[in-house]
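Everything below concerns the one structure shown next.
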Amino acid sequence: MEAISSIEALLNRNKKLNPNSGTERWRTPFIVAGTRSDDEVRDTPLAFLIEMTPDSTLPTHFHPVDQFQVFVSGSGLLGKHATNGIAIHYADRHTAYGPITAGAQGVAYFTLRAKNDARGMFVNKPGARELLKSSKRRFRMTENVVLSIPPVLSELQQPVTESLLDESANDSHDGLGAFVLRMGAHAKLQGPSPAGSGGQFYVIVSGSLFKENTEMPVWSLLWAGPDEVAPELTAGPGGAEVLVTQFPQPD
């Protein structure tokens, strides 16, 4: 399992012009895989945080890999869907989504991929639509994930696992899912098993978790590969709320 503290990652927050939107935004790498060519896909995870400036827009586009986006702060829209507070978006590879429009206070979201690609294909650019390939073309959006107030969270007596995206009833279920884990102060909980999936990201959205002797605060990440055992989690003194994004098995 790979663990990345937001304290360390945010030291590398960088403000740059996005050539696809024409506006500046902040980008913070959490898990990277070095230099890639534009047409290369690597079988390694990728995670970064995007913080968009107020009222800016990222045009509609798609990627050649499956992707989750976890909106963690600010407000805005993904297409017609609100991204106020905590929200989760999933798109299969070769599934267009967007535009992403930041509200008056900006919007922040994690981009999470179990496989690593170098670029998005923007549908307003010549030749982009010809690059679309076959996939399940699933677009899933879970809006308004409600977090506990601090005293309620810290006093939670028993850990809770809630499913936010359940496709298990589908005969062709391939492991796609999302969960929120709620844990009281110093509580312990085993996360959902990554077996039968394409891997999992854990995003701390409230409180903190301990990784060995290190306390990992809000916006820290964990990655569990599909061949790893379900992680044993220990909440910090204020408890923890954690979003789990579970990728489908590769075709």
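Labeling convention for the structure tokens: chains A, B, ... as they appear, residues from 1 per chain, ligands from 1 in order of appearance.
When the distance limit is 7 Å and only C-alpha atoms are what count, the residues near Val180 of chain A, minus those fewer than 3 positions from it on the same chain, are A:Thr161, A:Glu162, A:Ser163, A:Leu164, A:Glu241, A:Val242, A:Leu243, A:Val244.
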Within 12 Å of Ile149 of chain A using only C-alpha atoms, minus same-chain residues under 3 positions, as number ranges by chain: A: 146, 152-156, 182, 184, 206-207, 238-241
Quick one: write out the picked residues with all heavy atoms as a compact mmCIF listing (two decimals), in the first residue's frame?
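As written to disk, part_18.txt reads:
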# COMPACT_ATOMS: atom_id res chain seq x y z
N VAL A 146 -22.47 14.01 2.51
CA VAL A 146 -22.53 14.81 3.74
C VAL A 146 -21.52 14.29 4.76
O VAL A 146 -21.48 13.08 5.06
CB VAL A 146 -23.95 14.78 4.33
CG1 VAL A 146 -24.00 15.57 5.64
CG2 VAL A 146 -24.95 15.34 3.33
N VAL A 152 -19.78 14.84 16.52
CA VAL A 152 -20.52 13.63 16.16
C VAL A 152 -19.57 12.57 15.63
O VAL A 152 -19.67 11.38 15.98
CB VAL A 152 -21.62 13.96 15.13
CG1 VAL A 152 -22.22 12.68 14.53
CG2 VAL A 152 -22.72 14.79 15.78
N LEU A 153 -18.62 12.97 14.81
CA LEU A 153 -17.66 12.03 14.26
C LEU A 153 -16.79 11.44 15.36
O LEU A 153 -16.61 10.22 15.43
CB LEU A 153 -16.79 12.72 13.20
CG LEU A 153 -15.72 11.83 12.55
CD1 LEU A 153 -16.38 10.66 11.81
CD2 LEU A 153 -14.86 12.65 11.59
N SER A 154 -16.23 12.28 16.21
CA SER A 154 -15.30 11.78 17.23
C SER A 154 -15.99 10.84 18.21
O SER A 154 -15.37 9.92 18.75
CB SER A 154 -14.65 12.94 17.98
OG SER A 154 -15.61 13.67 18.71
N GLU A 155 -17.31 11.02 18.44
CA GLU A 155 -18.03 10.19 19.41
C GLU A 155 -18.75 9.00 18.76
O GLU A 155 -19.46 8.26 19.45
CB GLU A 155 -19.05 11.04 20.17
CG GLU A 155 -18.39 12.10 21.05
CD GLU A 155 -19.41 12.93 21.83
OE1 GLU A 155 -20.61 12.59 21.78
OE2 GLU A 155 -18.99 13.90 22.48
N LEU A 156 -18.55 8.78 17.47
CA LEU A 156 -19.18 7.66 16.79
C LEU A 156 -18.75 6.35 17.46
O LEU A 156 -17.54 6.07 17.60
CB LEU A 156 -18.77 7.66 15.31
CG LEU A 156 -19.45 6.63 14.40
CD1 LEU A 156 -20.95 6.92 14.28
CD2 LEU A 156 -18.79 6.66 13.02
N ARG A 182 -16.78 5.89 7.96
CA ARG A 182 -16.89 6.83 9.07
C ARG A 182 -16.39 6.13 10.34
O ARG A 182 -16.88 5.06 10.70
CB ARG A 182 -18.33 7.30 9.24
CG ARG A 182 -18.94 7.90 7.95
CD ARG A 182 -20.34 8.44 8.21
NE ARG A 182 -21.10 8.68 6.99
CZ ARG A 182 -21.10 9.82 6.29
NH1 ARG A 182 -20.36 10.83 6.71
NH2 ARG A 182 -21.83 9.95 5.20
N GLY A 184 -15.02 6.74 14.51
CA GLY A 184 -14.87 7.59 15.68
C GLY A 184 -13.42 7.70 16.11
O GLY A 184 -12.51 7.10 15.51
N SER A 206 -12.17 14.08 6.18
CA SER A 206 -12.46 14.67 7.49
C SER A 206 -11.65 13.91 8.53
O SER A 206 -11.48 12.68 8.43
CB SER A 206 -13.96 14.57 7.81
OG SER A 206 -14.25 15.13 9.07
N GLY A 207 -11.13 14.62 9.55
CA GLY A 207 -10.35 13.98 10.58
C GLY A 207 -8.99 13.53 10.07
O GLY A 207 -8.38 14.19 9.23
N GLY A 238 -9.67 12.77 16.42
CA GLY A 238 -10.96 13.35 16.08
C GLY A 238 -11.82 12.45 15.22
O GLY A 238 -12.87 12.86 14.74
N GLY A 239 -11.36 11.19 15.00
CA GLY A 239 -12.05 10.30 14.09
C GLY A 239 -11.61 10.52 12.65
O GLY A 239 -10.66 11.28 12.37
N ALA A 240 -12.30 9.88 11.72
CA ALA A 240 -11.94 10.01 10.29
C ALA A 240 -13.13 9.68 9.42
O ALA A 240 -13.94 8.80 9.75
CB ALA A 240 -10.78 9.08 9.94
N GLU A 241 -13.25 10.41 8.33
CA GLU A 241 -14.16 10.06 7.25
C GLU A 241 -13.33 9.96 5.97
O GLU A 241 -12.55 10.87 5.66
CB GLU A 241 -15.29 11.08 7.12
CG GLU A 241 -16.28 10.94 8.27
CD GLU A 241 -17.37 11.99 8.28
OE1 GLU A 241 -17.04 13.19 8.13
OE2 GLU A 241 -18.54 11.62 8.48
Among listed residues A:Ser56, A:Ser193, A:Asn116, A:Ser134, nearest Ile31 of chain A (using only C-alpha atoms): A:Asn116
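Nearest to Phe122 of chain A of all the residues A:Asn20, A:Thr57, A:Gln200, A:Thr234 is A:Asn20, based on only C-alpha atoms.
Among the candidates A:Gln67, A:Thr83, A:Thr214, A:Thr142, the one nearest to Pro45 of chain A when counting only C-alpha atoms is A:Gln67.
Among the candidate residues A:Ala114, A:Arg137, A:Ala82, A:Asn12, the one lying nearest to Tyr97 of chain A is A:Arg137, with distances computed using only C-alpha atoms.
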Could you give me, as a count of residues only, the residues within 9 Å of Leu165 of chain A, counting only C-alpha atoms and dropping anything in the same chain fewer than 5 positions from it? 7
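Counting only C-alpha atoms, the residue from A:Val32, A:Met52, A:Ala3, A:Leu112 that sits nearest to Leu222 of chain A is A:Ala3.
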Return as a ChimeraX atom specification the full set of residues in segment 57-148 of chain A whose backbone-based DSSP assignment is strand (DSSP E). /A:57-58,61-62,67-78,81-82,87-91,100-113,116-117,121-122,139-142
Export of the given selection (N, CA and C atoms) as a CSV table (one decimal), in the first residue's frame:
chain,number,residue,atom,x,y,z
A,57,THR,N,-13.1,27.6,-16.6
A,57,THR,CA,-13.7,26.5,-17.2
A,57,THR,C,-12.7,25.6,-17.9
A,58,LEU,N,-12.8,24.3,-17.6
A,58,LEU,CA,-12.1,23.3,-18.3
A,58,LEU,C,-13.0,22.6,-19.4
A,61,HIS,N,-13.8,16.8,-22.3
A,61,HIS,CA,-12.8,16.0,-22.8
A,61,HIS,C,-12.9,14.5,-22.4
A,62,PHE,N,-12.0,13.7,-22.8
A,62,PHE,CA,-12.0,12.3,-22.4
A,62,PHE,C,-10.6,11.8,-22.3
A,67,GLN,N,-11.3,6.7,-14.8
A,67,GLN,CA,-10.9,7.8,-14.0
A,67,GLN,C,-12.0,8.2,-12.9
A,68,PHE,N,-11.6,8.4,-11.7
A,68,PHE,CA,-12.4,9.0,-10.7
A,68,PHE,C,-12.0,10.5,-10.5
A,69,GLN,N,-12.9,11.3,-10.2
A,69,GLN,CA,-12.6,12.7,-9.7
A,69,GLN,C,-13.4,12.9,-8.4
A,70,VAL,N,-12.6,13.3,-7.3
A,70,VAL,CA,-13.3,13.5,-6.0
A,70,VAL,C,-13.2,15.0,-5.7
A,71,PHE,N,-14.3,15.7,-5.7
A,71,PHE,CA,-14.4,17.1,-5.4
A,71,PHE,C,-14.4,17.3,-3.9
A,72,VAL,N,-13.5,18.1,-3.4
A,72,VAL,CA,-13.3,18.2,-2.0
A,72,VAL,C,-13.5,19.6,-1.4
A,73,SER,N,-13.6,20.6,-2.3
A,73,SER,CA,-13.7,22.0,-1.7
A,73,SER,C,-14.2,22.9,-2.8
A,74,GLY,N,-14.8,24.1,-2.4
A,74,GLY,CA,-15.3,25.0,-3.3
A,74,GLY,C,-16.6,24.6,-3.9
A,75,SER,N,-16.9,25.2,-5.1
A,75,SER,CA,-18.2,24.8,-5.8
A,75,SER,C,-18.0,25.0,-7.3
A,76,GLY,N,-19.0,24.4,-8.0
A,76,GLY,CA,-18.9,24.5,-9.4
A,76,GLY,C,-19.9,23.6,-10.1
A,77,LEU,N,-19.6,23.3,-11.3
A,77,LEU,CA,-20.4,22.3,-12.1
A,77,LEU,C,-19.6,21.4,-12.9
A,78,LEU,N,-20.0,20.1,-13.0
A,78,LEU,CA,-19.4,19.2,-14.0
A,78,LEU,C,-20.6,18.9,-15.0
A,81,HIS,N,-24.1,18.9,-13.4
A,81,HIS,CA,-24.1,18.3,-12.1
A,81,HIS,C,-23.3,19.3,-11.1
A,82,ALA,N,-23.9,19.5,-9.9
A,82,ALA,CA,-23.3,20.4,-9.0
A,82,ALA,C,-22.1,19.7,-8.3
A,87,ALA,N,-18.1,15.6,-3.6
A,87,ALA,CA,-18.8,14.9,-4.7
A,87,ALA,C,-17.8,13.9,-5.4
A,88,ILE,N,-18.4,12.8,-6.0
A,88,ILE,CA,-17.5,11.8,-6.7
A,88,ILE,C,-18.0,11.7,-8.1
A,89,HIS,N,-17.1,11.7,-9.0
A,89,HIS,CA,-17.4,11.5,-10.4
A,89,HIS,C,-16.6,10.3,-10.9
A,90,TYR,N,-17.2,9.4,-11.7
A,90,TYR,CA,-16.5,8.4,-12.4
A,90,TYR,C,-16.8,8.4,-13.9
A,91,ALA,N,-15.8,8.1,-14.7
A,91,ALA,CA,-16.0,8.0,-16.1
A,91,ALA,C,-15.1,6.8,-16.7
A,100,ILE,N,-16.0,21.4,-16.9
A,100,ILE,CA,-15.9,21.6,-15.4
A,100,ILE,C,-15.8,23.1,-15.3
A,101,THR,N,-16.7,23.7,-14.5
A,101,THR,CA,-16.8,25.1,-14.3
A,101,THR,C,-16.7,25.5,-12.8
A,102,ALA,N,-15.7,26.3,-12.5
A,102,ALA,CA,-15.5,26.6,-11.1
A,102,ALA,C,-16.4,27.8,-10.7
A,103,GLY,N,-16.9,27.7,-9.4
A,103,GLY,CA,-17.7,28.8,-8.9
A,103,GLY,C,-16.9,30.0,-8.5
A,104,ALA,N,-17.6,30.9,-7.8
A,104,ALA,CA,-17.0,32.2,-7.4
A,104,ALA,C,-15.8,32.0,-6.4
A,105,GLN,N,-15.8,30.9,-5.7
A,105,GLN,CA,-14.7,30.6,-4.7
A,105,GLN,C,-13.7,29.6,-5.3
A,106,GLY,N,-13.8,29.2,-6.5
A,106,GLY,CA,-13.0,28.2,-7.1
A,106,GLY,C,-13.5,26.8,-6.8
A,107,VAL,N,-12.8,25.8,-7.3
A,107,VAL,CA,-13.2,24.4,-7.0
A,107,VAL,C,-12.0,23.6,-7.0
A,108,ALA,N,-11.9,22.6,-6.0
A,108,ALA,CA,-10.8,21.7,-5.9
A,108,ALA,C,-11.2,20.3,-6.1
A,109,TYR,N,-10.4,19.5,-6.8
A,109,TYR,CA,-10.8,18.1,-7.0
A,109,TYR,C,-9.5,17.3,-7.2
A,110,PHE,N,-9.6,16.0,-6.7
A,110,PHE,CA,-8.5,15.0,-7.0
A,110,PHE,C,-8.9,14.3,-8.3
A,111,THR,N,-7.9,14.1,-9.2
A,111,THR,CA,-8.0,13.2,-10.3
A,111,THR,C,-7.2,11.9,-9.9
A,112,LEU,N,-7.9,10.8,-10.1
A,112,LEU,CA,-7.4,9.5,-9.6
A,112,LEU,C,-7.5,8.5,-10.7
A,113,ARG,N,-6.4,7.9,-11.1
A,113,ARG,CA,-6.4,6.9,-12.2
A,113,ARG,C,-5.6,5.7,-11.7
A,116,ASN,N,-2.0,5.1,-15.8
A,116,ASN,CA,-1.4,6.4,-16.0
A,116,ASN,C,-1.4,6.8,-17.4
A,117,ASP,N,-2.1,7.9,-17.8
A,117,ASP,CA,-2.0,8.4,-19.1
A,117,ASP,C,-1.5,9.8,-19.1
A,121,MET,N,-8.1,14.2,-24.3
A,121,MET,CA,-8.5,14.6,-25.6
A,121,MET,C,-9.7,15.5,-25.6
A,122,PHE,N,-9.5,16.7,-26.0
A,122,PHE,CA,-10.6,17.7,-25.9
A,122,PHE,C,-11.5,17.7,-27.1
A,139,PHE,N,-20.9,6.9,-17.0
A,139,PHE,CA,-20.7,8.2,-16.4
A,139,PHE,C,-21.5,8.1,-15.1
A,140,ARG,N,-20.8,8.2,-13.9
A,140,ARG,CA,-21.5,8.1,-12.6
A,140,ARG,C,-21.2,9.4,-11.8
A,141,MET,N,-22.2,9.9,-11.1
A,141,MET,CA,-22.0,11.1,-10.3
A,141,MET,C,-22.7,10.9,-9.0
A,142,THR,N,-22.0,11.1,-7.9
A,142,THR,CA,-22.5,11.1,-6.5
A,142,THR,C,-22.3,12.5,-5.9
What does the distance from atom CA of Pro159 of chain A to atom CA of His173 of chain A come to in Å, to one decimal? 26.5 Å
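Ranking A:Thr44, A:Ile204, A:Asn124, A:Pro237 by their shortest atom-to-atom distance to Pro150 of chain A, with only C-alpha atoms included, puts A:Pro237 first.
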Hey, what does DSSP flag as helix (DSSP H, G or I) within segment 1-249 of chain A? Can you give it to me as a PyMOL selection string? chain A and resi 6-12+129-131+150-154
To one decimal place, how far is atom CA of Pro250 of chain A from atom CA of Thr28 of chain A in Å? 26.9 Å
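Between atom CA of Ile86 of chain A and atom CA of Glu143 of chain A the separation is 6.9 Å.
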